[in-house]
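J.: Sharing model-v2.txt here; it has compact mmCIF, C-alpha atoms.
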# COMPACT_ATOMS: atom_id res chain seq x y z
CA ASP A 11 72.90 84.41 -24.92
CA ALA A 12 71.17 81.86 -27.16
CA HIS A 13 74.19 79.56 -27.45
CA ARG A 14 74.76 79.45 -23.71
CA PHE A 15 71.05 78.91 -23.10
CA THR A 16 71.11 75.94 -25.47
CA THR A 17 74.14 74.55 -23.65
CA TRP A 18 72.39 74.94 -20.28
CA ARG A 19 69.21 73.37 -21.61
CA SER A 20 70.98 70.34 -23.04
CA ALA A 21 72.80 69.82 -19.74
CA HIS A 22 69.81 70.12 -17.41
CA MET A 23 66.43 69.69 -19.09
CA PRO A 24 65.25 66.07 -19.51
CA ASP A 25 64.81 64.81 -23.06
CA GLY A 26 64.34 61.08 -22.40
CA ARG A 27 67.62 60.14 -24.09
CA ARG A 28 70.19 60.73 -21.35
CA PRO A 29 69.68 58.82 -18.09
CA ASP A 30 70.61 60.80 -15.01
CA PRO A 31 71.08 58.84 -11.76
CA ARG A 32 70.91 61.91 -9.52
CA PRO A 33 67.81 62.45 -7.37
CA ALA A 34 65.33 64.88 -8.90
CA LEU A 35 65.85 67.58 -6.27
CA LEU A 36 69.61 67.59 -6.77
CA ARG A 37 69.10 67.85 -10.53
CA ALA A 38 66.81 70.83 -9.95
CA ALA A 39 69.38 72.45 -7.66
CA ALA A 40 72.08 71.97 -10.31
CA ALA A 41 69.84 73.50 -12.97
CA ALA A 42 69.32 76.60 -10.83
CA LEU A 43 73.03 76.94 -10.20
CA GLY A 44 73.77 76.41 -13.88
CA TRP A 45 71.33 79.17 -14.76
CA MET A 46 73.12 81.59 -12.46
CA GLU A 47 76.63 80.64 -13.57
CA GLY A 48 76.13 79.77 -17.24
CA GLY A 49 76.45 83.28 -18.64
CA ILE A 50 72.96 83.06 -20.16
CA SER A 51 72.14 86.57 -18.97
CA ASP A 52 74.31 89.55 -18.12
CA GLU A 53 72.35 89.91 -14.88
CA PRO A 54 71.18 86.47 -13.73
CA ASP A 55 68.21 86.53 -11.40
CA ALA A 56 67.70 84.14 -8.47
CA ILE A 57 63.92 84.15 -8.92
CA GLN A 58 64.39 82.99 -12.51
CA ALA A 59 66.81 80.29 -11.35
CA LEU A 60 64.36 78.90 -8.81
CA ALA A 61 61.56 79.10 -11.37
CA VAL A 62 63.48 77.00 -13.89
CA ALA A 63 64.31 74.52 -11.10
CA ALA A 64 60.58 74.25 -10.45
CA LEU A 65 59.90 73.79 -14.15
CA LEU A 66 62.45 70.98 -14.26
CA LEU A 67 60.70 69.20 -11.38
CA LYS A 68 57.43 69.60 -13.26
CA ARG A 69 58.93 68.18 -16.44
CA MET A 70 60.24 65.18 -14.51
CA GLY A 71 56.79 64.54 -13.05
CA VAL A 72 57.97 65.13 -9.46
CA VAL A 73 55.39 67.85 -8.74
CA GLU A 74 51.96 68.53 -10.18
CA VAL A 75 52.05 72.30 -9.92
CA VAL A 76 54.63 74.98 -10.64
CA PRO A 77 56.28 76.14 -8.53
CA PRO A 78 56.70 74.10 -5.36
CA PRO A 79 56.76 76.37 -2.34
CA PHE A 80 60.46 77.13 -1.89
CA TRP A 81 59.32 80.74 -1.58
CA GLY A 82 57.61 79.97 1.74
CA ALA A 83 60.94 79.33 3.46
CA TRP A 84 63.06 81.87 1.62
CA SER A 85 62.51 84.79 4.01
CA ALA A 86 62.37 82.58 7.11
CA LEU A 87 65.47 80.49 6.44
CA CYS A 88 67.70 82.42 4.06
CA ALA A 89 69.06 85.84 3.31
CA PRO A 90 67.43 86.93 0.00
CA ASP A 91 69.07 90.35 0.07
CA ASP A 92 70.61 90.17 -3.40
CA PRO A 93 68.44 89.05 -6.35
CA GLY A 94 71.59 88.31 -8.30
CA VAL A 95 72.73 85.62 -5.85
CA LEU A 96 71.03 82.35 -4.96
CA PRO A 97 69.63 82.28 -1.39
CA ARG A 98 72.15 81.80 1.39
CA LEU A 99 71.53 80.43 4.86
CA ARG A 100 71.47 83.20 7.45
CA GLY A 101 74.06 83.24 10.21
CA ASP A 102 71.98 81.62 12.96
CA THR A 103 70.46 79.05 10.62
CA ALA A 104 73.79 78.30 8.98
CA ALA A 105 75.44 77.78 12.37
CA ARG A 106 72.75 75.30 13.35
CA LEU A 107 72.32 73.41 10.10
CA ALA A 108 75.66 73.70 8.33
CA PRO A 109 78.46 74.84 10.68
CA ASP A 110 81.11 73.86 8.13
CA GLY A 111 79.52 75.88 5.34
CA ALA A 112 76.46 75.27 3.21
CA PRO A 113 76.94 74.58 -0.51
CA TRP A 114 74.05 75.51 -2.76
CA PRO A 115 72.49 72.01 -3.06
CA LEU A 116 72.25 71.82 0.74
CA VAL A 117 70.62 75.25 0.90
CA PHE A 118 68.16 74.22 -1.81
CA LEU A 119 67.20 71.04 0.08
CA HIS A 120 66.70 73.03 3.28
CA LEU A 121 64.42 75.42 1.40
CA ILE A 122 62.33 72.51 0.14
CA ALA A 123 62.20 70.77 3.53
CA GLU A 124 61.26 73.87 5.52
CA SER A 125 58.63 74.89 2.98
CA ALA A 126 57.13 71.40 3.13
CA ARG A 127 56.98 71.58 6.93
CA ALA A 128 55.36 75.01 6.78
CA GLY A 129 52.84 73.81 4.19
CA SER A 130 51.99 70.79 6.32
CA ARG A 131 51.31 73.02 9.32
CA ILE A 132 49.09 75.31 7.25
CA VAL A 133 47.09 72.34 5.92
CA SER A 134 46.57 71.06 9.47
CA GLU A 135 45.42 74.48 10.64
CA LEU A 136 43.05 74.81 7.69
CA ARG A 137 41.52 71.43 8.48
CA VAL A 138 40.85 72.55 12.06
CA ALA A 139 39.24 75.75 10.78
CA GLU A 140 37.19 73.75 8.26
CA VAL A 141 35.87 71.40 10.96
CA ALA A 142 34.91 74.35 13.15
CA GLY A 143 33.14 76.10 10.28
CA LEU A 144 31.20 73.04 9.19
CA ALA A 145 30.23 72.31 12.80
CA PHE A 146 28.87 75.87 13.08
CA ALA A 147 26.81 75.33 9.91
CA ALA A 148 25.68 71.80 10.78
CA ASN A 149 22.24 72.79 12.07
CA GLU A 150 21.46 75.13 9.21
CA ASP A 151 18.61 74.63 6.79
CA LYS A 152 19.56 72.46 3.81
CA ARG A 153 19.28 75.52 1.60
CA SER A 154 21.89 77.39 3.64
CA ARG A 155 25.00 78.48 1.78
CA LEU A 156 27.15 78.55 4.90
CA PRO A 157 28.73 75.09 4.30
CA ALA A 158 29.57 76.05 0.71
CA THR A 159 31.06 79.33 1.93
CA VAL A 160 33.31 77.50 4.39
CA ASP A 161 34.37 75.08 1.66
CA LEU A 162 35.36 77.94 -0.66
CA LEU A 163 37.28 79.72 2.08
CA VAL A 164 39.27 76.57 2.77
CA ARG A 165 40.32 76.41 -0.88
CA GLN A 166 41.11 80.09 -1.46
CA PRO A 167 43.27 82.45 0.58
CA ALA A 168 40.59 85.15 0.66
CA LEU A 169 37.22 85.97 -0.86
CA THR A 170 35.34 89.19 -1.48
CA ALA A 171 31.56 89.40 -1.34
CA PRO A 172 31.24 89.80 -5.15
CA ALA A 173 33.48 86.77 -5.70
CA LEU A 174 31.49 84.65 -3.24
CA ALA A 175 28.24 85.85 -4.82
CA ARG A 176 29.39 84.74 -8.26
CA ARG A 177 30.52 81.34 -7.01
CA LEU A 178 27.29 80.64 -5.13
CA ASP A 179 24.91 82.45 -7.51
CA ILE A 180 23.64 84.76 -4.78
CA THR A 181 23.58 88.53 -4.34
CA PRO A 182 26.58 90.42 -2.91
CA GLN A 183 24.37 91.49 -0.02
CA ALA A 184 23.62 87.85 0.79
CA ALA A 185 27.33 87.09 0.58
CA LEU A 186 28.09 89.86 3.07
CA ARG A 187 25.50 88.42 5.45
CA LEU A 188 27.20 85.02 5.24
CA PHE A 189 30.56 86.60 6.01
CA ALA A 190 29.02 88.57 8.88
CA ARG A 191 27.63 85.42 10.49
CA LEU A 192 30.93 83.61 10.21
CA GLU A 193 32.84 86.66 11.44
CA GLN A 194 30.55 87.02 14.46
CA ALA A 195 31.25 83.38 15.29
CA GLY A 196 34.99 84.05 15.10
CA LEU A 197 35.42 81.78 12.07
CA VAL A 198 36.45 84.36 9.48
CA ARG A 199 38.22 87.68 9.59
CA GLU A 200 38.43 90.67 7.31
CA VAL A 201 41.95 90.84 5.89
CA THR A 202 42.09 93.97 3.74
CA GLY A 203 41.38 96.71 6.30
CA ARG A 204 39.23 98.65 3.85
CA ASP A 205 35.68 99.96 3.95
CA SER A 206 34.91 98.72 0.43
CA PHE A 207 35.98 95.71 -1.62
CA ARG A 208 36.71 93.90 1.62
CA ALA A 209 38.11 90.38 1.53
CA PHE A 210 37.59 87.69 4.13
CA ALA A 211 39.64 84.65 5.11
CA LEU A 212 39.24 81.78 7.53
CA THR A 213 40.49 82.46 11.02
CA VAL A 214 43.39 80.04 11.24
CA ARG A 215 44.82 79.46 14.68
CA PRO A 216 48.49 78.38 14.69
CA SER A 217 49.10 74.83 15.87
CA VAL A 218 51.14 74.21 18.99
CA ASP A 219 54.31 73.33 17.09
CA SER A 220 54.15 76.22 14.60
CA ARG A 221 57.40 78.11 14.14
CA THR A 222 57.94 81.64 12.91
Go through the file and emit its structure as structure tokens.
T.:
Amino acid sequence: DAHRFTTWRSAHMPDGRRPDPRPALLRAAAAALGWMEGGISDEPDAIQALAVAALLLKRMGVVEVVPPPFWGAWSALCAPDDPGVLPRLRGDTAARLAPDGAPWPLVFLHLIAESARAGSRIVSELRVAEVAGLAFAANEDKRSRLPATVDLLVRQPALTAPALARRLDITPQAALRLFARLEQAGLVREVTGRDSFRAFALTVRPSVDSRT
């Protein structure tokens, strides 16, 4: 509904003319709720609502990338069983965090906070894996591509041999040999379970305080 979309947009998207004293995250939460309840679509979608909340945070300069990782906590913290309803805290989580009931802004803030904690743990684990990989490659010849391989694996979730070969300007066979050396040292693992087009990722060991 174009008219209702325009109404929602004027109420929630920043245009530099209307000051809004609310914190950015609460404005984003309100935008998501407004998307679901504004009658813009006959079948509002929670993924769309969270995406427009992320876009709003981007427009306000709060984040540099879209979207921030609410998705990381969605399955762990909430009950995303109905795409037509915004995430709800599950029974055990709700009892612990919001025994008197959890309005949507509170759920949204919990999503952000838990995703940030999860992201922080992953970054810490990646740094440990990076240090181990670079230590393994420290005594290599200066022409060795092992350090560059470790660096790429830190920055990407997984790499195939052809992708590594293109990035390092080497042959796929040479890329496979690099993966094999790192895999033998326990620093990478094959993550696709296939005989061809295999992808490899750093072996990340969960930190002591990691939570499922």
J.: Just give me the gap between CA of His120 (chain A) and CA of Pro167 (chain A) in Å, one decimal is fine.
T.: 25.4 Å
J.: What's the separation between CA of Ala40 (chain A) and CA of Arg100 (chain A), in Å to one decimal place?
T.: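 Between CA of Ala40 (chain A) and CA of Arg100 (chain A) the gap works out to 21.0 Å.
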J.: Rounded to one decimal, what separation in Å do you get between CA of Leu188 (chain A) and CA of Leu156 (chain A)?
T.: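 Taking CA of Leu188 (chain A) and CA of Leu156 (chain A), their separation equals 6.5 Å.
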J.: Near Ala34 (chain A), within 10 Å and counting all atoms listed in the file, which residues show up once chain neighbours fewer than 2 positions away are dropped, as a list in words?
T.: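 Listing them by chain and then by number gives Asp30, Pro31, Arg32, Leu36, Arg37, Ala38, Ala39, Ala40, Ala63, Leu66, Leu67, Met70, Gly71 and Val72 of chain A.
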J.: Applying 9 Å and only C-alpha atoms, which residues near Gln183 (chain A) remain after dropping the ones on its own chain fewer than 5 positions away? List them as a VMD selection string.
T.: chain A and resid 171 to 172 175 188
J.: So, counting all atoms listed in the file, which residue among A:Arg165, A:Leu197, A:Thr170, A:Arg153 is closest to Val141 (chain A)?
T.: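 Answer, going by the shortest atom-to-atom distance: A:Leu197.
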J.: Would you mind telling me which residue in A:Ala139, A:Val164, A:Val198, A:Leu65 lies nearest to Ala211 (chain A) when using all atoms listed in the file?
T.: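 Among A:Ala139, A:Val164, A:Val198, A:Leu65, it is A:Val198 that comes nearest to Ala211 (chain A).
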J.: Have a look at A:Glu200, A:Asp161, A:Asp205, A:Asp55 and name the one nearest to Pro97 (chain A); count all atoms listed in the file.
T.: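 When distances to Pro97 (chain A) are compared using all atoms listed in the file, the smallest one comes from A:Asp55.
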J.: So, with only C-alpha atoms as the atoms that count, which of A:Val73, A:Ala168, A:Val117, A:Ala148 lies closest to Ala42 (chain A)?
T.: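 That would be A:Val117, the residue with the smallest distance to Ala42 (chain A).
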J.: Quick one: region 144-165 of chain A with N, CA and C atoms, as an mmCIF file, in the coordinates of the input?
T.:
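Output file out_28.cif is given in full below:
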data_model
loop_
_atom_site.group_PDB
_atom_site.id
_atom_site.type_symbol
_atom_site.label_atom_id
_atom_site.label_comp_id
_atom_site.auth_asym_id
_atom_site.auth_seq_id
_atom_site.Cartn_x
_atom_site.Cartn_y
_atom_site.Cartn_z
ATOM 1 N N LEU A 144 32.276 73.968 9.561
ATOM 2 C CA LEU A 144 31.200 73.040 9.190
ATOM 3 C C LEU A 144 30.359 72.658 10.411
ATOM 4 N N ALA A 145 30.991 72.584 11.586
ATOM 5 C CA ALA A 145 30.230 72.310 12.800
ATOM 6 C C ALA A 145 29.267 73.467 13.096
ATOM 7 N N PHE A 146 29.729 74.700 12.870
ATOM 8 C CA PHE A 146 28.870 75.870 13.080
ATOM 9 C C PHE A 146 27.670 75.840 12.139
ATOM 10 N N ALA A 147 27.884 75.336 10.909
ATOM 11 C CA ALA A 147 26.810 75.330 9.910
ATOM 12 C C ALA A 147 25.990 74.045 9.924
ATOM 13 N N ALA A 148 26.297 73.133 10.836
ATOM 14 C CA ALA A 148 25.680 71.800 10.780
ATOM 15 C C ALA A 148 24.173 71.833 10.968
ATOM 16 N N ASN A 149 23.673 72.750 11.769
ATOM 17 C CA ASN A 149 22.240 72.790 12.070
ATOM 18 C C ASN A 149 21.467 73.742 11.168
ATOM 19 N N GLU A 150 22.122 74.214 10.138
ATOM 20 C CA GLU A 150 21.460 75.130 9.210
ATOM 21 C C GLU A 150 20.461 74.400 8.333
ATOM 22 N N ASP A 151 19.544 75.166 7.777
ATOM 23 C CA ASP A 151 18.610 74.630 6.790
ATOM 24 C C ASP A 151 19.405 74.083 5.607
ATOM 25 N N LYS A 152 18.860 73.067 4.936
ATOM 26 C CA LYS A 152 19.560 72.460 3.810
ATOM 27 C C LYS A 152 19.849 73.456 2.691
ATOM 28 N N ARG A 153 19.069 74.520 2.637
ATOM 29 C CA ARG A 153 19.280 75.520 1.600
ATOM 30 C C ARG A 153 20.368 76.526 1.974
ATOM 31 N N SER A 154 20.875 76.445 3.186
ATOM 32 C CA SER A 154 21.890 77.390 3.640
ATOM 33 C C SER A 154 23.142 77.303 2.796
ATOM 34 N N ARG A 155 23.752 78.441 2.537
ATOM 35 C CA ARG A 155 25.000 78.480 1.780
ATOM 36 C C ARG A 155 26.228 78.578 2.694
ATOM 37 N N LEU A 156 26.009 78.483 3.998
ATOM 38 C CA LEU A 156 27.150 78.550 4.900
ATOM 39 C C LEU A 156 28.168 77.424 4.663
ATOM 40 N N PRO A 157 27.733 76.148 4.547
ATOM 41 C CA PRO A 157 28.730 75.090 4.300
ATOM 42 C C PRO A 157 29.533 75.331 3.028
ATOM 43 N N ALA A 158 28.868 75.783 1.972
ATOM 44 C CA ALA A 158 29.570 76.050 0.710
ATOM 45 C C ALA A 158 30.539 77.211 0.868
ATOM 46 N N THR A 159 30.173 78.197 1.686
ATOM 47 C CA THR A 159 31.060 79.330 1.930
ATOM 48 C C THR A 159 32.323 78.873 2.641
ATOM 49 N N VAL A 160 32.148 78.026 3.667
ATOM 50 C CA VAL A 160 33.310 77.500 4.390
ATOM 51 C C VAL A 160 34.207 76.707 3.441
ATOM 52 N N ASP A 161 33.597 75.892 2.595
ATOM 53 C CA ASP A 161 34.370 75.080 1.660
ATOM 54 C C ASP A 161 35.197 75.961 0.724
ATOM 55 N N LEU A 162 34.622 77.041 0.230
ATOM 56 C CA LEU A 162 35.360 77.940 -0.660
ATOM 57 C C LEU A 162 36.490 78.647 0.074
ATOM 58 N N LEU A 163 36.245 79.035 1.316
ATOM 59 C CA LEU A 163 37.280 79.720 2.080
ATOM 60 C C LEU A 163 38.453 78.806 2.407
ATOM 61 N N VAL A 164 38.188 77.514 2.538
ATOM 62 C CA VAL A 164 39.270 76.570 2.770
ATOM 63 C C VAL A 164 40.176 76.479 1.539
ATOM 64 N N ARG A 165 39.593 76.630 0.370
ATOM 65 C CA ARG A 165 40.320 76.410 -0.880
ATOM 66 C C ARG A 165 40.932 77.666 -1.469
#
